[in-house]
Structures are given as C-alpha cells and as structure tokens.
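First the structure, in the form of structure tokens, and then the observations on it.
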2 protein chains.
Amino acid sequence: MTSLLQAEIKQSRPFPSAAAEALLSILRTAAVLDHELADALKPFGITPTQHNVLRILRGAGQGGLCGREVAERMIASVPDVPRMLERLEAMHLISRERDPDDGRHVTARITPAGRQLLAKVTPELEVVQERRLGQLSKRTLTGIIEGLAAIREAR
Amino acid sequence: MTSLLQAEIKQSRPFPSAAAEALLSILRTAAVLDHELADALKPFGITPTQHNVLRILRGAGQGGLCGREVAERMIASVPDVPRMLERLEAMHLISRERDPDDGRHVTARITPAGRQLLAKVTPELEVVQERRLGQLSKRTLTGIIEGLAAIREAR
DNA sequence: TGACATTCCATGTTACAACACTTATCTTCC
DNA sequence: GGAAGATAAGTGTTGTAACATGGAATGTCA
C-alpha cells in the first residue's frame with residue numbers, strides 16, 4: 001500500500017518503518033502549517049515567530065518578561081533574542097526597559113499597538129486552524145496531542 | 001487539567017480548544033525533532049534540508065532530477081533551489097549538468113561522495129528516530145500518521 | 001516562421017538565523 | 001570588601017532564507 005505522504009513527496013519506496021513515516025509526517029505537516037500561518041500573517045508584516053513573542057508577552061501582562069523568559073516560552077528556539085526583540089521594538093509592538101532591580105535583565109512588554117495587532121491577526125489564524133483541523137474529531141485530535149507529547153517527552 | 005505542552009512553554013492559560021492545542025503540538029514537536037536532527041547532522045557539515053536533497057537524489061538514481069522535481073519532493077518548500085544545489089555541488093556531494101535535450105533543465109545527480117556521506121549519516125539519524133519514536137506503539141504511530149495526513153489533506 | 005506565452009534556472013538584494021564572543025551586572029565565598 | 005564565577009544582554013560575522021526580477025530555452029499557434 002502507498003501512503004499519502006509517500007505520494008505527496010513523490011517517494012517511490014515505501015517507508016521502512018512506521019516510526020520513519022511518523023517522523024517525516026510530523027516534519028512535513030508542520031512545514032505545511034507553518035507556511036500557511038506565515039502567509040496569513042504576511043499582510044500584517046510579522047512572522048510566526050514574532051507573533052509567538054507577542055502572544056507570550058500578552059500572556060505575561062503588565063509585568064513583562066526578560067529575554068531569557070521569552071526564549072523559554074517560544075515554540076521553536078530562537079538563538080538571537082536581543083535582535084528579535086529589537087525588531088519588534090522598532091515596529092513599536094513591544095517596549096523594552098532595563099530592570100532597575102537587576103541591571104542584567106531587560107524587561108519586554110507588549111504595547112497597545114502590539115495588542116491591537118494581535119487582535120486583528122487572531123481571526124485570520126483561526127481561519128487556518130479551522131480549515132486544517134476543524135473537521136477532525138475530538139478523538140483524533142486527542143490522539144495527535146497525546147502521541148506527540150509522548151515523542152517530546154521521550155528521553 | 002494542565003497539559004504537558006502548556007507546562008513546556010510555560011503557558012498559564014489552558015488552550016481554548018483541542019484544535020489549538022493540536023496545532024501548537026505539531027509545530028512544537030517538529031521544532032524539537034528538527035533541532036535534534038540538525039544537531040546529529042552538524043558533525044557532517046550538512047543541514048536537514050541538504051540531507052533531504054541528498055536522499056531525494058539517491059532515490060532518483062542515475063537519471064537524476066531537475067531543480068523543479070527536487071523542489072516538489074522536499075519535505076519543506078525551498079524557495080531557492082538553484083543556490084541550494086550550488087552549495088551541495090561546491091561540497092562535491094552532487095553534480096549538475098545541463099540537459100542536452102531541454103536546455104532549460106539542469107539535471108542534478110548524487111555523487112559517490114554524496115552516497116558515502118548519506119551512508120555515514122543514516123545511523124546517526126536513526127538513533128534520534130529510535131530515541132524519540134522507538135517506544136511508541138504501532139497503534140499510536142498509525143494514529144499520528146493518519147491524523148496528520150488528514151490535516152494535510154484538509155481543504 | 002515569427003510572435004507570444006510558458007517553464008525553468010540564475011542572480012541581486014534584503015533581512016534574518018545561527019554561532020561565537022564580549023560586555024555588564026549580580027552573587028557568592030573567602 | 002574584593003575577586004571569581006554565574007547569568008543575561010549585546011555585538012560581530014557568516015551564511016542562508018526569502019523575495020523579486022531577469023534571462024534563456026522551449027512549446028504553441030497564427
């Protein structure tokens with residue numbers, strides 16, 4: 001039998017194992033979704049990574065977060081937090097201020113403009129989510145969530 | 001109840017829906033896996049994307065493939081195939097030659113050095129695969145594969 | 001056969017990712 | 001209280017991704 005993924009990437013040979021197919025499935029699906037989310041965000045001038053930062057800072061509220069804390073909360077690791085925040089600050093979506101208590105920390109906070117952008121962007125992203133995942137049963141979704149959690153947990 | 005993913009990215013609020021959690025799970029898991037694969041490949045001087053190209057060309061055999069065909073088979077879309085192939089050629093892992101029948105096409109083929117590198121690299125990647133996916137039951141793997149296929153198929 | 005559209009590859013430019021290293025501030029321990 | 005170590009940011013550099021554009025070769029159709 002020929003899997004869907006095999007046809008998608010025009011692979012002639014079947015997968016050697018279910019694990020190999022699952023691994024590629026995850027990478028492929030994420031690439032498809034990420035691409036679609038990036039497209040949806042493009043009109044607003046931000047990338048999925050930047051959107052992720054804004055959501056994190058919105059979640060943090062008035063207290064804000066320092067760079068390291070932002071990095072910990074990111075979906076995908078960002079190895080250059082200072083410049084990423086710098087860019088968002090240049091867009092006036094976040095503000096940065098050195099922590100008076102600990103001069104090593106720079107606290108980042110979302111600005112009203114940042115919140116406003118998030119509010120505009122969210123429905124567009126929900127369109128993507130709904131289109132791609134809306135038809136899946138609760139049971140299927142739970143299966144995916146738990147299966148992937150097991151993968152991330154695995155030693 | 002607090003999900004694992006929620007704790008992982010230190011998110012205080014629960015997910016608004018299973019679809020939202022599944023979406024983030026996929027992106028997060030792929031980021032973790034991609035990072036680990038990249039680490040495993042680093043000693044060999046290639047990226048996951050380049051490894052993907054080599055595997056594609058190995059699959060194509062002596063006939064080779066033109067740039068567009070390579071692009072179609074990639075896991076994640078690469079918007080700059082010519083230069084990607086150029087780099088692999090500079091590493092002597094592939095060869096390129098203009099198709100005499102159709103001067104627009106440039107046929108890329110894997111070189112013996114490329115095959116050799118693939119052979120060395122494969123066991124290292126299998127270590128990652130085994131560590132992350134080895135403990136999952138066949139049933140769980142199938143669930144992931146089918147669930148993700150449904151997402152990619154949707155719409 | 002000559003104009004035109006199409007397909008595929010190449011190139012220029014910009015911005016960002018990745019990595020290594022430096023600087024600044026705080027903590028700890030003598 | 002001063003020096004060593006730890007922690008967080010910033011910076012410099014390199015390479016690559018992303019986007020737009022251009023150009024060469026082919027196919028099509030009048």
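A note on labels: chains of the structure tokens are A, B, ... as shown, every chain counts residues from 1, and ligands are counted from 1 in their shown order.
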
Open item on the list: Going by DSSP on the backbone, which residues of region 5-119 of chain A come out as helix (DSSP H, G or I)? List them as a ChimeraX atom specification.
Closed with: /A:5-8,18-44,48-63,67-73,81-90,112-119

- [ ] Counting only C-alpha atoms (C1' of nucleotides), collect the residues of chain C whose closest atom lies at most 9 Å from chain B, and write them out as a PyMOL selection string.
- [x] chain C and resi 7-10

Residues of chain A that approach chain B to 6 Å or less, counting only C-alpha atoms: could you list each one with the shortest pair of atoms and its distance in Å to one decimal, rows by chain and increasing residue number, as JSON lines?
```
{"residue": "A:Ile9", "atom": "CA", "partner": "B:Arg73", "partner_atom": "CA", "distance": 4.2}
{"residue": "A:Lys10", "atom": "CA", "partner": "B:Arg73", "partner_atom": "CA", "distance": 5.8}
{"residue": "A:Ala19", "atom": "CA", "partner": "B:Leu133", "partner_atom": "CA", "distance": 5.9}
{"residue": "A:Ala22", "atom": "CA", "partner": "B:Ile145", "partner_atom": "CA", "distance": 5.3}
{"residue": "A:Ile26", "atom": "CA", "partner": "B:Ala30", "partner_atom": "CA", "distance": 5.9}
{"residue": "A:Leu27", "atom": "CA", "partner": "B:Ala30", "partner_atom": "CA", "distance": 5.2}
{"residue": "A:Arg28", "atom": "CA", "partner": "B:Ile75", "partner_atom": "CA", "distance": 5.2}
{"residue": "A:Ala30", "atom": "CA", "partner": "B:Leu27", "partner_atom": "CA", "distance": 5.2}
{"residue": "A:Ala31", "atom": "CA", "partner": "B:Ala76", "partner_atom": "CA", "distance": 5.4}
{"residue": "A:Arg73", "atom": "CA", "partner": "B:Ile9", "partner_atom": "CA", "distance": 4.3}
{"residue": "A:Ile75", "atom": "CA", "partner": "B:Arg28", "partner_atom": "CA", "distance": 5.2}
{"residue": "A:Ala76", "atom": "CA", "partner": "B:Ala31", "partner_atom": "CA", "distance": 5.4}
{"residue": "A:Arg132", "atom": "CA", "partner": "B:Ile151", "partner_atom": "CA", "distance": 5.3}
{"residue": "A:Leu133", "atom": "CA", "partner": "B:Ala19", "partner_atom": "CA", "distance": 5.9}
{"residue": "A:Ile144", "atom": "CA", "partner": "B:Ile144", "partner_atom": "CA", "distance": 5.4}
{"residue": "A:Ile145", "atom": "CA", "partner": "B:Ala22", "partner_atom": "CA", "distance": 5.3}
{"residue": "A:Ile151", "atom": "CA", "partner": "B:Arg132", "partner_atom": "CA", "distance": 5.3}
{"residue": "A:Ala154", "atom": "CA", "partner": "B:Arg132", "partner_atom": "CA", "distance": 5.4}
```

Just write the chosen residues, C-alpha atoms, as a PDB file, in the first residue's frame.
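Final file, out38.pdb:
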```pdb
ATOM      1  CA  ILE A   9       6.717  13.885  -1.710  1.00  0.00           C
ATOM      2  CA  LYS A  10       6.779  11.557  -4.714  1.00  0.00           C
ATOM      3  CA  ALA A  19       8.404   5.384  13.047  1.00  0.00           C
ATOM      4  CA  ALA A  22       5.588   9.292  11.513  1.00  0.00           C
ATOM      5  CA  ILE A  26       5.383  15.482  11.620  1.00  0.00           C
ATOM      6  CA  LEU A  27       8.054  17.487   9.841  1.00  0.00           C
ATOM      7  CA  ARG A  28       6.012  17.712   6.666  1.00  0.00           C
ATOM      8  CA  ALA A  30       4.495  21.354  10.451  1.00  0.00           C
ATOM      9  CA  ALA A  31       6.089  22.791   7.325  1.00  0.00           C
ATOM     10  CA  ARG A  73       8.319  30.037  26.201  1.00  0.00           C
ATOM     11  CA  ILE A  75       7.543  27.198  20.309  1.00  0.00           C
ATOM     12  CA  ALA A  76      10.775  26.978  18.354  1.00  0.00           C
ATOM     13  CA  ARG A 132      -6.958  22.422   8.631  1.00  0.00           C
ATOM     14  CA  LEU A 133      -8.107  20.989  11.926  1.00  0.00           C
ATOM     15  CA  ILE A 144      -2.400  13.535  17.995  1.00  0.00           C
ATOM     16  CA  ILE A 145      -1.872  15.628  21.102  1.00  0.00           C
ATOM     17  CA  ILE A 151       7.506  11.960  21.479  1.00  0.00           C
ATOM     18  CA  ALA A 154      10.779  10.590  25.294  1.00  0.00           C
TER      19      ALA A 154
END
```

Contacts from chain D to chain A, 10 Å maximum, only C-alpha atoms (C1' of nucleotides): show me the residue list as a PDB file with N, CA and C atoms (P, O5', C5', C4', C3', O3' and C1' of nucleotides), in the first residue's frame.
```pdb
ATOM      1  P    DT D   7      24.306  30.122  36.433  1.00  0.00           P
ATOM      2  O5'  DT D   7      23.643  31.437  35.849  1.00  0.00           O
ATOM      3  C5'  DT D   7      23.153  32.423  36.760  1.00  0.00           C
ATOM      4  C4'  DT D   7      22.838  33.687  35.994  1.00  0.00           C
ATOM      5  C3'  DT D   7      22.121  33.451  34.658  1.00  0.00           C
ATOM      6  O3'  DT D   7      20.963  34.262  34.631  1.00  0.00           O
ATOM      7  C1'  DT D   7      23.918  34.936  34.385  1.00  0.00           C
ATOM      8  P    DA D   8      19.790  33.927  33.597  1.00  0.00           P
ATOM      9  O5'  DA D   8      19.831  35.244  32.720  1.00  0.00           O
ATOM     10  C5'  DA D   8      19.653  36.497  33.372  1.00  0.00           C
ATOM     11  C4'  DA D   8      20.041  37.619  32.454  1.00  0.00           C
ATOM     12  C3'  DA D   8      19.468  37.507  31.048  1.00  0.00           C
ATOM     13  O3'  DA D   8      18.683  38.661  30.772  1.00  0.00           O
ATOM     14  C1'  DA D   8      21.807  37.976  30.999  1.00  0.00           C
ATOM     15  P    DA D   9      17.820  38.768  29.467  1.00  0.00           P
ATOM     16  O5'  DA D   9      18.555  39.875  28.608  1.00  0.00           O
ATOM     17  C5'  DA D   9      19.887  40.066  28.801  1.00  0.00           C
ATOM     18  C4'  DA D   9      20.407  41.413  28.372  1.00  0.00           C
ATOM     19  C3'  DA D   9      20.079  41.836  26.942  1.00  0.00           C
ATOM     20  O3'  DA D   9      20.263  43.241  26.811  1.00  0.00           O
ATOM     21  C1'  DA D   9      22.318  41.030  27.067  1.00  0.00           C
ATOM     22  P    DG D  10      19.870  43.929  25.452  1.00  0.00           P
ATOM     23  O5'  DG D  10      21.281  43.983  24.696  1.00  0.00           O
ATOM     24  C5'  DG D  10      22.247  44.926  25.136  1.00  0.00           C
ATOM     25  C4'  DG D  10      23.567  44.676  24.430  1.00  0.00           C
ATOM     26  C3'  DG D  10      23.566  44.959  22.918  1.00  0.00           C
ATOM     27  O3'  DG D  10      24.647  45.831  22.642  1.00  0.00           O
ATOM     28  C1'  DG D  10      24.548  42.872  23.365  1.00  0.00           C
TER      29       DG D  10
END
```

Task: Residue contacts of region 14-28 of chain D (12 Å, only C-alpha atoms (C1' of nucleotides)) excluding same-chain residues fewer than 2 positions away, as a PyMOL selection string - done: (chain A and resi 38+47) or (chain B and resi 47+49+77-81+83-84+87+98-106) or (chain C and resi 2-20) or (chain D and resi 12+30)

Open item on the list: So that I can check the secondary structure, give me every residue of region 39-108 of chain A assigned strand (DSSP E or B) by backbone DSSP, as a ChimeraX atom specification.
Closed with: /A:65-66,94-98,106-108

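With CA of His51 (chain A) on one side and CA of Pro112 (chain A) on the other, the separation reads 14.6 Å.
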
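Reported to one decimal place, the separation of CA of Ser95 (chain A) from CA of Glu124 (chain A) is 24.9 Å.
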